[in-house]
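Printed here is model-v6.cif (mmCIF, C-alpha atoms):
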data_target
loop_
_atom_site.group_PDB
_atom_site.id
_atom_site.type_symbol
_atom_site.label_atom_id
_atom_site.label_comp_id
_atom_site.auth_asym_id
_atom_site.auth_seq_id
_atom_site.Cartn_x
_atom_site.Cartn_y
_atom_site.Cartn_z
ATOM 1 C CA MET A 222 -6.265 22.941 8.914
ATOM 2 C CA VAL A 223 -2.808 21.830 7.896
ATOM 3 C CA GLN A 224 -0.834 20.063 10.602
ATOM 4 C CA TRP A 225 2.844 20.928 10.586
ATOM 5 C CA THR A 226 5.363 18.929 12.583
ATOM 6 C CA ASP A 227 8.089 20.825 14.437
ATOM 7 C CA PHE A 228 10.571 19.476 11.913
ATOM 8 C CA GLU A 229 8.516 20.785 8.994
ATOM 9 C CA ARG A 230 8.072 24.252 10.495
ATOM 10 C CA ALA A 231 11.750 24.553 11.323
ATOM 11 C CA THR A 232 12.780 23.202 7.928
ATOM 12 C CA ILE A 233 10.638 25.662 5.962
ATOM 13 C CA LYS A 234 11.878 28.646 7.974
ATOM 14 C CA ASP A 235 15.423 27.375 7.601
ATOM 15 C CA ILE A 236 15.169 26.964 3.834
ATOM 16 C CA PHE A 237 13.825 30.477 3.343
ATOM 17 C CA SER A 238 16.488 31.947 5.592
ATOM 18 C CA LYS A 239 19.227 30.124 3.675
ATOM 19 C CA ILE A 240 18.237 30.671 0.061
ATOM 20 C CA ASP A 241 19.137 33.792 -1.866
ATOM 21 C CA SER A 242 15.619 35.055 -2.632
ATOM 22 C CA ALA A 243 16.876 37.469 -5.283
ATOM 23 C CA VAL A 244 18.231 34.464 -7.158
ATOM 24 C CA VAL A 245 15.738 31.667 -6.473
ATOM 25 C CA GLY A 246 12.572 33.404 -7.657
ATOM 26 C CA PRO A 247 13.943 34.457 -11.066
ATOM 27 C CA ALA A 248 15.777 31.128 -11.473
ATOM 28 C CA ALA A 249 12.664 29.059 -10.781
ATOM 29 C CA LEU A 250 10.409 31.082 -13.059
ATOM 30 C CA SER A 251 12.887 31.149 -15.939
ATOM 31 C CA ARG A 252 13.514 27.431 -15.489
ATOM 32 C CA CYS A 253 9.775 26.801 -15.692
ATOM 33 C CA LEU A 254 9.493 28.817 -18.927
ATOM 34 C CA ILE A 255 12.449 26.889 -20.399
ATOM 35 C CA VAL A 256 11.600 23.350 -19.249
ATOM 36 C CA TYR A 257 7.848 23.690 -19.869
ATOM 37 C CA PRO A 258 7.678 26.127 -22.791
ATOM 38 C CA TRP A 259 3.887 26.051 -22.963
ATOM 39 C CA THR A 260 3.826 28.050 -19.726
ATOM 40 C CA GLN A 261 5.051 30.992 -21.809
ATOM 41 C CA ARG A 262 1.448 31.443 -22.933
ATOM 42 C CA TYR A 263 0.822 33.558 -19.840
ATOM 43 C CA PHE A 264 3.704 35.903 -20.484
ATOM 44 C CA GLY A 265 2.967 37.313 -23.933
ATOM 45 C CA SER A 266 3.757 40.829 -22.768
ATOM 46 C CA PHE A 267 7.212 39.913 -21.477
ATOM 47 C CA GLY A 268 8.997 40.369 -24.774
ATOM 48 C CA ASN A 269 11.803 38.050 -25.908
ATOM 49 C CA LEU A 270 11.297 34.488 -24.625
ATOM 50 C CA TYR A 271 12.699 32.962 -27.780
ATOM 51 C CA ASN A 272 15.357 30.734 -26.223
ATOM 52 C CA ALA A 273 16.896 29.789 -22.899
ATOM 53 C CA GLU A 274 19.447 32.611 -22.959
ATOM 54 C CA ALA A 275 16.790 35.201 -23.759
ATOM 55 C CA ILE A 276 14.552 33.920 -20.966
ATOM 56 C CA LYS A 277 17.367 33.859 -18.427
ATOM 57 C CA SER A 278 18.336 37.460 -19.196
ATOM 58 C CA ASN A 279 14.801 38.827 -19.575
ATOM 59 C CA PRO A 280 14.333 41.569 -16.938
ATOM 60 C CA LYS A 281 10.548 41.131 -16.799
ATOM 61 C CA VAL A 282 10.955 37.429 -16.014
ATOM 62 C CA ALA A 283 13.444 38.277 -13.284
ATOM 63 C CA ALA A 284 11.158 40.915 -11.791
ATOM 64 C CA HIS A 285 8.213 38.567 -11.829
ATOM 65 C CA GLY A 286 10.283 35.808 -10.252
ATOM 66 C CA GLN A 287 10.893 38.145 -7.332
ATOM 67 C CA VAL A 288 7.150 38.804 -7.053
ATOM 68 C CA VAL A 289 6.467 35.070 -6.885
ATOM 69 C CA LEU A 290 9.077 34.521 -4.210
ATOM 70 C CA ALA A 291 7.745 37.424 -2.145
ATOM 71 C CA GLY A 292 4.377 35.664 -2.297
ATOM 72 C CA LEU A 293 5.939 32.473 -0.963
ATOM 73 C CA GLU A 294 7.623 34.364 1.856
ATOM 74 C CA LYS A 295 4.189 35.663 2.860
ATOM 75 C CA ALA A 296 3.010 32.046 3.106
ATOM 76 C CA VAL A 297 6.017 31.190 5.270
ATOM 77 C CA LYS A 298 5.022 33.997 7.662
ATOM 78 C CA ASN A 299 1.444 32.661 7.790
ATOM 79 C CA MET A 300 1.990 28.916 7.707
ATOM 80 C CA ASP A 301 -1.072 28.193 9.820
ATOM 81 C CA ASP A 302 -3.504 29.859 7.473
ATOM 82 C CA ILE A 303 -2.079 29.971 3.974
ATOM 83 C CA LYS A 304 -5.576 29.470 2.572
ATOM 84 C CA THR A 305 -6.818 32.824 3.896
ATOM 85 C CA THR A 306 -3.526 34.580 3.156
ATOM 86 C CA TYR A 307 -3.823 33.541 -0.494
ATOM 87 C CA LYS A 308 -7.541 34.173 -1.033
ATOM 88 C CA ASP A 309 -7.072 37.288 -3.175
ATOM 89 C CA LEU A 310 -4.132 35.771 -5.062
ATOM 90 C CA SER A 311 -6.278 32.781 -5.912
ATOM 91 C CA VAL A 312 -9.058 34.988 -7.249
ATOM 92 C CA LEU A 313 -6.482 36.965 -9.240
ATOM 93 C CA HIS A 314 -5.020 33.858 -10.904
ATOM 94 C CA SER A 315 -8.466 32.489 -11.688
ATOM 95 C CA GLU A 316 -10.557 35.494 -12.643
ATOM 96 C CA LYS A 317 -8.008 37.890 -14.071
ATOM 97 C CA LEU A 318 -4.971 35.896 -15.206
ATOM 98 C CA HIS A 319 -6.872 32.725 -16.198
ATOM 99 C CA VAL A 320 -3.959 30.460 -15.316
ATOM 100 C CA ASP A 321 -4.589 26.708 -15.581
ATOM 101 C CA PRO A 322 -3.881 25.591 -12.002
ATOM 102 C CA ASP A 323 -1.923 22.555 -13.236
ATOM 103 C CA ASN A 324 0.812 25.062 -14.040
ATOM 104 C CA PHE A 325 1.300 25.703 -10.309
ATOM 105 C CA ASN A 326 2.673 22.154 -10.033
ATOM 106 C CA LEU A 327 5.144 22.798 -12.822
ATOM 107 C CA LEU A 328 6.507 25.907 -11.083
ATOM 108 C CA SER A 329 6.586 23.992 -7.781
ATOM 109 C CA ASP A 330 8.745 21.284 -9.331
ATOM 110 C CA CYS A 331 11.120 23.912 -10.674
ATOM 111 C CA LEU A 332 11.316 25.550 -7.243
ATOM 112 C CA SER A 333 12.313 22.212 -5.713
ATOM 113 C CA ILE A 334 15.033 21.754 -8.323
ATOM 114 C CA VAL A 335 16.425 25.273 -7.879
ATOM 115 C CA VAL A 336 16.445 25.068 -4.078
ATOM 116 C CA ALA A 337 18.044 21.622 -4.367
ATOM 117 C CA SER A 338 20.882 22.922 -6.499
ATOM 118 C CA GLN A 339 21.422 25.857 -4.112
ATOM 119 C CA MET A 340 21.424 23.727 -0.975
ATOM 120 C CA GLY A 341 23.184 20.656 -2.366
ATOM 121 C CA GLU A 342 23.626 17.902 0.220
ATOM 122 C CA ALA A 343 21.667 19.867 2.812
ATOM 123 C CA PHE A 344 18.536 19.291 0.712
ATOM 124 C CA THR A 345 18.031 15.819 2.155
ATOM 125 C CA ALA A 346 15.066 13.530 1.428
ATOM 126 C CA ASP A 347 13.310 14.741 4.601
ATOM 127 C CA VAL A 348 13.948 18.401 3.804
ATOM 128 C CA GLN A 349 12.648 17.834 0.263
ATOM 129 C CA ALA A 350 9.479 16.190 1.612
ATOM 130 C CA ALA A 351 8.815 19.111 3.972
ATOM 131 C CA PHE A 352 9.432 21.660 1.217
ATOM 132 C CA GLN A 353 7.171 19.815 -1.203
ATOM 133 C CA LYS A 354 4.437 19.600 1.454
ATOM 134 C CA PHE A 355 4.696 23.364 1.903
ATOM 135 C CA LEU A 356 4.442 23.907 -1.856
ATOM 136 C CA ALA A 357 1.470 21.524 -2.029
ATOM 137 C CA VAL A 358 -0.362 23.610 0.562
ATOM 138 C CA VAL A 359 0.489 26.770 -1.369
ATOM 139 C CA VAL A 360 -0.797 25.240 -4.611
ATOM 140 C CA ALA A 361 -4.001 23.987 -2.950
ATOM 141 C CA SER A 362 -4.615 27.487 -1.547
ATOM 142 C CA LEU A 363 -4.082 29.023 -4.974
ATOM 143 C CA ARG A 364 -6.573 26.572 -6.454
ATOM 144 C CA LYS A 365 -9.210 27.255 -3.800
ATOM 145 C CA GLN A 366 -11.008 30.167 -5.476
ATOM 146 C CA TYR A 367 -11.262 28.556 -8.914
ATOM 147 C CA HIS A 368 -14.897 27.820 -9.709
ATOM 148 C CA MET B 93 11.238 15.328 -28.985
ATOM 149 C CA LEU B 94 14.946 15.281 -28.238
ATOM 150 C CA SER B 95 17.304 17.206 -30.482
ATOM 151 C CA LYS B 96 20.727 15.844 -31.481
ATOM 152 C CA LYS B 97 22.331 18.253 -29.013
ATOM 153 C CA GLU B 98 20.083 17.093 -26.205
ATOM 154 C CA LYS B 99 20.749 13.407 -26.899
ATOM 155 C CA LYS B 100 24.484 14.083 -26.757
ATOM 156 C CA LEU B 101 24.115 16.001 -23.485
ATOM 157 C CA ILE B 102 22.055 13.227 -21.901
ATOM 158 C CA LYS B 103 24.553 10.587 -23.024
ATOM 159 C CA GLU B 104 27.456 12.555 -21.557
ATOM 160 C CA ILE B 105 25.773 13.159 -18.227
ATOM 161 C CA TRP B 106 24.869 9.501 -17.687
ATOM 162 C CA GLU B 107 28.320 8.377 -18.785
ATOM 163 C CA ARG B 108 29.765 10.530 -16.011
ATOM 164 C CA LEU B 109 27.284 9.289 -13.462
ATOM 165 C CA THR B 110 27.690 5.564 -14.200
ATOM 166 C CA PRO B 111 30.578 5.163 -11.705
ATOM 167 C CA VAL B 112 28.337 6.599 -8.950
ATOM 168 C CA ALA B 113 25.196 4.768 -10.066
ATOM 169 C CA GLU B 114 24.594 3.351 -6.596
ATOM 170 C CA GLU B 115 24.847 6.751 -4.916
ATOM 171 C CA ILE B 116 22.573 8.486 -7.427
ATOM 172 C CA GLY B 117 20.034 5.664 -7.625
ATOM 173 C CA SER B 118 19.663 5.069 -3.910
ATOM 174 C CA ASP B 119 19.375 8.811 -3.295
ATOM 175 C CA ALA B 120 16.574 9.202 -5.853
ATOM 176 C CA LEU B 121 14.700 6.191 -4.469
ATOM 177 C CA LEU B 122 15.014 7.422 -0.893
ATOM 178 C CA ARG B 123 13.663 10.822 -1.903
ATOM 179 C CA MET B 124 10.722 9.166 -3.629
ATOM 180 C CA PHE B 125 9.895 6.928 -0.642
ATOM 181 C CA THR B 126 10.081 9.914 1.692
ATOM 182 C CA SER B 127 7.992 12.375 -0.345
ATOM 183 C CA TYR B 128 5.571 9.833 -1.795
ATOM 184 C CA PRO B 129 5.047 7.078 0.793
ATOM 185 C CA GLY B 130 2.599 5.227 -1.493
ATOM 186 C CA THR B 131 5.555 4.202 -3.636
ATOM 187 C CA LYS B 132 6.906 2.091 -0.776
ATOM 188 C CA THR B 133 4.087 -0.395 -1.319
ATOM 189 C CA TYR B 134 5.985 -1.872 -4.254
ATOM 190 C CA PHE B 135 8.925 -2.730 -2.025
ATOM 191 C CA SER B 136 7.262 -4.405 0.923
ATOM 192 C CA HIS B 137 9.390 -7.488 0.290
ATOM 193 C CA LEU B 138 12.653 -5.576 0.660
ATOM 194 C CA ASP B 139 14.475 -3.552 3.277
ATOM 195 C CA ILE B 140 14.525 -0.062 1.780
ATOM 196 C CA SER B 141 15.676 1.857 4.836
ATOM 197 C CA PRO B 142 18.381 4.503 4.237
ATOM 198 C CA GLY B 143 21.723 2.850 3.518
ATOM 199 C CA SER B 144 20.303 -0.659 3.202
ATOM 200 C CA THR B 145 21.820 -3.175 0.779
ATOM 201 C CA HIS B 146 18.520 -3.485 -1.085
ATOM 202 C CA LEU B 147 18.140 0.275 -1.497
ATOM 203 C CA ASN B 148 21.675 0.549 -2.856
ATOM 204 C CA SER B 149 21.494 -2.395 -5.243
ATOM 205 C CA HIS B 150 18.075 -1.394 -6.522
ATOM 206 C CA GLY B 151 19.109 2.196 -7.021
ATOM 207 C CA LYS B 152 22.190 1.043 -8.896
ATOM 208 C CA LYS B 153 20.129 -1.235 -11.149
ATOM 209 C CA ILE B 154 17.763 1.575 -12.091
ATOM 210 C CA VAL B 155 20.493 4.120 -12.854
ATOM 211 C CA LEU B 156 22.466 1.615 -14.931
ATOM 212 C CA ALA B 157 19.341 0.910 -17.009
ATOM 213 C CA ILE B 158 18.768 4.645 -17.521
ATOM 214 C CA ALA B 159 22.430 5.088 -18.468
ATOM 215 C CA GLU B 160 22.268 2.163 -20.886
ATOM 216 C CA GLY B 161 19.250 3.692 -22.620
ATOM 217 C CA ALA B 162 21.061 7.020 -22.874
ATOM 218 C CA LYS B 163 23.853 5.457 -24.965
ATOM 219 C CA ASP B 164 21.516 5.320 -27.961
ATOM 220 C CA ILE B 165 18.224 7.039 -27.287
ATOM 221 C CA SER B 166 16.886 6.321 -30.774
ATOM 222 C CA GLN B 167 17.007 2.610 -29.884
ATOM 223 C CA LEU B 168 15.172 2.941 -26.570
ATOM 224 C CA THR B 169 12.425 0.468 -27.452
ATOM 225 C CA VAL B 170 14.983 -2.179 -28.391
ATOM 226 C CA THR B 171 17.202 -1.576 -25.364
ATOM 227 C CA LEU B 172 14.285 -1.631 -22.934
ATOM 228 C CA ALA B 173 12.399 -4.609 -24.408
ATOM 229 C CA PRO B 174 13.200 -6.996 -21.528
ATOM 230 C CA LEU B 175 12.408 -4.328 -18.940
ATOM 231 C CA GLN B 176 9.133 -3.548 -20.721
ATOM 232 C CA THR B 177 8.067 -7.170 -20.274
ATOM 233 C CA LEU B 178 9.211 -7.210 -16.664
ATOM 234 C CA HIS B 179 7.252 -4.089 -15.742
ATOM 235 C CA ALA B 180 4.132 -5.046 -17.678
ATOM 236 C CA TYR B 181 3.697 -8.631 -16.588
ATOM 237 C CA GLN B 182 5.555 -9.000 -13.335
ATOM 238 C CA LEU B 183 6.115 -5.716 -11.521
ATOM 239 C CA ARG B 184 2.987 -3.957 -12.816
ATOM 240 C CA ILE B 185 3.964 -0.661 -11.243
ATOM 241 C CA ASP B 186 1.297 1.954 -11.915
ATOM 242 C CA PRO B 187 2.878 4.284 -14.506
ATOM 243 C CA THR B 188 2.021 7.432 -12.531
ATOM 244 C CA ASN B 189 4.835 6.368 -10.212
ATOM 245 C CA PHE B 190 7.384 6.727 -12.999
ATOM 246 C CA LYS B 191 6.711 10.475 -12.937
ATOM 247 C CA LEU B 192 7.394 10.565 -9.211
ATOM 248 C CA LEU B 193 10.714 8.762 -9.537
ATOM 249 C CA SER B 194 11.656 10.962 -12.499
ATOM 250 C CA HIS B 195 11.039 14.099 -10.432
ATOM 251 C CA CYS B 196 13.137 12.757 -7.566
ATOM 252 C CA MET B 197 15.870 11.767 -10.003
ATOM 253 C CA LEU B 198 15.938 15.372 -11.233
ATOM 254 C CA VAL B 199 16.219 16.618 -7.642
ATOM 255 C CA THR B 200 19.091 14.192 -7.011
ATOM 256 C CA LEU B 201 20.842 15.448 -10.135
ATOM 257 C CA ALA B 202 20.299 19.064 -9.038
ATOM 258 C CA CYS B 203 21.883 18.343 -5.644
ATOM 259 C CA TYR B 204 24.753 16.395 -7.170
ATOM 260 C CA LEU B 205 25.512 18.622 -10.170
ATOM 261 C CA GLY B 206 24.578 22.003 -8.659
ATOM 262 C CA GLU B 207 24.979 24.904 -11.081
ATOM 263 C CA GLU B 208 25.894 22.475 -13.842
ATOM 264 C CA PHE B 209 22.305 21.241 -13.905
ATOM 265 C CA THR B 210 21.314 24.167 -16.069
ATOM 266 C CA PRO B 211 17.733 24.776 -17.261
ATOM 267 C CA VAL B 212 18.726 23.386 -20.677
ATOM 268 C CA ALA B 213 20.149 20.198 -19.125
ATOM 269 C CA HIS B 214 17.087 19.940 -16.879
ATOM 270 C CA ALA B 215 14.712 20.248 -19.850
ATOM 271 C CA ALA B 216 16.617 17.615 -21.818
ATOM 272 C CA MET B 217 16.765 15.254 -18.849
ATOM 273 C CA ASP B 218 13.052 15.678 -18.096
ATOM 274 C CA LYS B 219 12.238 14.852 -21.707
ATOM 275 C CA TYR B 220 14.507 11.800 -21.676
ATOM 276 C CA LEU B 221 13.073 10.418 -18.438
ATOM 277 C CA SER B 222 9.514 10.967 -19.759
ATOM 278 C CA ALA B 223 10.404 9.079 -22.940
ATOM 279 C CA PHE B 224 12.042 6.328 -20.874
ATOM 280 C CA ALA B 225 8.916 5.972 -18.715
ATOM 281 C CA ALA B 226 6.645 5.959 -21.753
ATOM 282 C CA VAL B 227 8.637 3.148 -23.405
ATOM 283 C CA LEU B 228 8.699 1.209 -20.147
ATOM 284 C CA SER B 229 4.900 1.188 -19.952
ATOM 285 C CA GLU B 230 4.338 0.335 -23.651
ATOM 286 C CA LYS B 231 3.462 -3.314 -23.040
ATOM 287 C CA TYR B 232 1.068 -2.604 -20.191
ATOM 288 C CA ARG B 233 -1.993 -2.881 -22.409
#
Starting from the file, lay out its structure as structure tokens.
Amino acid sequence: MVQWTDFERATIKDIFSKIDSAVVGPAALSRCLIVYPWTQRYFGSFGNLYNAEAIKSNPKVAAHGQVVLAGLEKAVKNMDDIKTTYKDLSVLHSEKLHVDPDNFNLLSDCLSIVVASQMGEAFTADVQAAFQKFLAVVVASLRKQYH
Amino acid sequence: MLSKKEKKLIKEIWERLTPVAEEIGSDALLRMFTSYPGTKTYFSHLDISPGSTHLNSHGKKIVLAIAEGAKDISQLTVTLAPLQTLHAYQLRIDPTNFKLLSHCMLVTLACYLGEEFTPVAHAAMDKYLSAFAAVLSEKYR
């Protein structure tokens, strides 16, 4: 079981209460598709991903970004058992979507960058470490059902 | 591969950040030490606590080297030759750590530049820092 310090718990809840979820999800996903273009392989049905502008204004990317963030918010509500919370999601990504789990790290990095630019100075080294620990647990849970 | 546009963007960003090299560098290092404690093992001979002289001077050194490389990215191997030797034969920092510092540098830039650190700038910067790290580890073996 993951051990969370009081600081980490408070920090995660604080981050998710502060960020604009309608913005962060879409921004992180579009950033991932732009910075790591090979991740576009999973989004063939999304239409125009031809350049940064197209990706940023693509409504399917935006909608999916919101889905991803809603998933993260579920993890925040269940911080003490993210593994169980994400069991079905893990199976989905492995069996149906066939996503290489290394991609989860790429999206995680983009989430850190987007949250950092939203929070500015408030995203201190300690806050970053707590956020990245949270994302690491999320990624590990998503990887769990890959066999 | 960096396009002409990207090289220009990188050069401009680092030109602007050179006056605050100490602030940017020490911030990135602190983030790395906090998120990835294993990286502290390379600095056991220094005081790298927040705000320390060593943290500031080391951070400044690193950013100035990155900025110097950005002035002419096509000449990276020439510019970094002395640092290549230093890292290969003296420091011998495991190259996986370069990725960790690069990530923290990107976070620092995101905090400092905010909205200006657009996805396009981020992509260019990530590519530059990867190239920088690759050149730095060229003499390792």
>> Which residues would end up in the selection if the PyMOL selection byres ((chain B) within 8 of (chain A)) were applied here, given that I need the answer as a PyMOL selection string?
In response: chain B and resi 119+122-124+126-127+195+198-200+202-207+209+211-212+214-215+218
> What do you get, as an MDAnalysis selection string, if you spell out every residue that the PyMOL selection byres ((chain B and resi 183-187) around 10) selects here?
Replying inline: chainID B and resid 131 133:134 175:182 188:192 225:226 228:229 232
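Residues matched by the PyMOL selection byres ((chain A and resi 364) around 9) in this file: Ser311, Val312, His314, Ser315, Pro322, Phe325, Val359, Val360, Ala361, Ser362, Leu363, Lys365, Gln366 and Tyr367 of chain A.
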Export C-alpha atoms of the chosen residues as a JSON list (two decimals), in the coordinates of the input?
[["chain", "number", "residue", "atom", "x", "y", "z"],
["A", 311, "SER", "CA", -6.28, 32.78, -5.91],
["A", 312, "VAL", "CA", -9.06, 34.99, -7.25],
["A", 314, "HIS", "CA", -5.02, 33.86, -10.90],
["A", 315, "SER", "CA", -8.47, 32.49, -11.69],
["A", 322, "PRO", "CA", -3.88, 25.59, -12.00],
["A", 325, "PHE", "CA", 1.30, 25.70, -10.31],
["A", 359, "VAL", "CA", 0.49, 26.77, -1.37],
["A", 360, "VAL", "CA", -0.80, 25.24, -4.61],
["A", 361, "ALA", "CA", -4.00, 23.99, -2.95],
["A", 362, "SER", "CA", -4.62, 27.49, -1.55],
["A", 363, "LEU", "CA", -4.08, 29.02, -4.97],
["A", 365, "LYS", "CA", -9.21, 27.26, -3.80],
["A", 366, "GLN", "CA", -11.01, 30.17, -5.48],
["A", 367, "TYR", "CA", -11.26, 28.56, -8.91]]
> Which residues, written as a PyMOL selection string, have at least one atom at most 9 Å from A:His285, with only C-alpha atoms counted and residues fewer than 3 positions away on the same chain left out?
Replying inline: chain A and resi 246-247+250+280-282+288-290
> Residues at most 12 Å from B:Phe135, counting only C-alpha atoms, excluding those fewer than 2 positions away in the same chain, as a ChimeraX atom specification?
Replying inline: /B:121-122,125,129-133,137-141,146-147,150,183,185
Export of the given selection (C-alpha atoms) as a short mmCIF file (atom, residue, chain, number, x, y, z; two decimals), keeping the file's coordinate frame:
data_model
loop_
_atom_site.label_atom_id
_atom_site.label_comp_id
_atom_site.auth_asym_id
_atom_site.auth_seq_id
_atom_site.Cartn_x
_atom_site.Cartn_y
_atom_site.Cartn_z
CA LEU B 121 14.70 6.19 -4.47
CA LEU B 122 15.01 7.42 -0.89
CA PHE B 125 9.90 6.93 -0.64
CA PRO B 129 5.05 7.08 0.79
CA GLY B 130 2.60 5.23 -1.49
CA THR B 131 5.56 4.20 -3.64
CA LYS B 132 6.91 2.09 -0.78
CA THR B 133 4.09 -0.40 -1.32
CA HIS B 137 9.39 -7.49 0.29
CA LEU B 138 12.65 -5.58 0.66
CA ASP B 139 14.48 -3.55 3.28
CA ILE B 140 14.52 -0.06 1.78
CA SER B 141 15.68 1.86 4.84
CA HIS B 146 18.52 -3.48 -1.08
CA LEU B 147 18.14 0.28 -1.50
CA HIS B 150 18.08 -1.39 -6.52
CA LEU B 183 6.12 -5.72 -11.52
CA ILE B 185 3.96 -0.66 -11.24
#
>> Need the shell around A:Met300: protein/DNA/RNA residues with any atom at most 10 Å away, counting all atoms listed in the file. Skip same-chain ones fewer than 4 positions apart. Format as a list in words?
In response: Val223, Gln224, Trp225, Arg230, Ile233, Lys234, Glu294, Lys295, Ala296, Lys304, Thr306, Phe355, Val358 and Val359 of chain A
>> Please compute the atom CA of B:Leu94-atom CA of B:Thr210 distance, one decimal, in Å.
In response: 16.4 Å
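For the pair atom CA of B:Lys152 and atom CA of B:Ala113, the interatomic distance is 4.9 Å.
Straight-line separation from atom CA of B:Ser144 to atom CA of B:Glu115: 11.9 Å.
Within 10 Å of B:Leu101, once only C-alpha atoms are used and residues closer than 6 positions along the same chain are dropped, the contacting residues are Ser95, Glu107, Ala162, Val212, Ala213, Ala216 and Met217 of chain B.
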Residue subset to file, keeping C-alpha atoms, as a CSV table (one decimal), in the coordinates of the input:
chain,number,residue,atom,x,y,z
B,95,SER,CA,17.3,17.2,-30.5
B,107,GLU,CA,28.3,8.4,-18.8
B,162,ALA,CA,21.1,7.0,-22.9
B,212,VAL,CA,18.7,23.4,-20.7
B,213,ALA,CA,20.1,20.2,-19.1
B,216,ALA,CA,16.6,17.6,-21.8
B,217,MET,CA,16.8,15.3,-18.8
Once 6 Å is added on each side, what centre and edge lengths in Å to one decimal does the axis-aligned box around all listed atoms of stretch 287-293 of chain A have, as lines of an AutoDock Vina configuration file?
center_x = 7.6
center_y = 35.6
center_z = -4.1
size_x = 18.5
size_y = 18.3
size_z = 18.4
> Which residues come within 12 Å of B:Ile158, counting all atoms listed in the file, excluding same-chain residues fewer than 5 positions away, as number ranges by chain?
Replying inline: B: 102-103, 105-107, 109-110, 113, 116-117, 151-153, 163-165, 168, 171-172, 175, 194, 197, 217, 220-225, 227-228
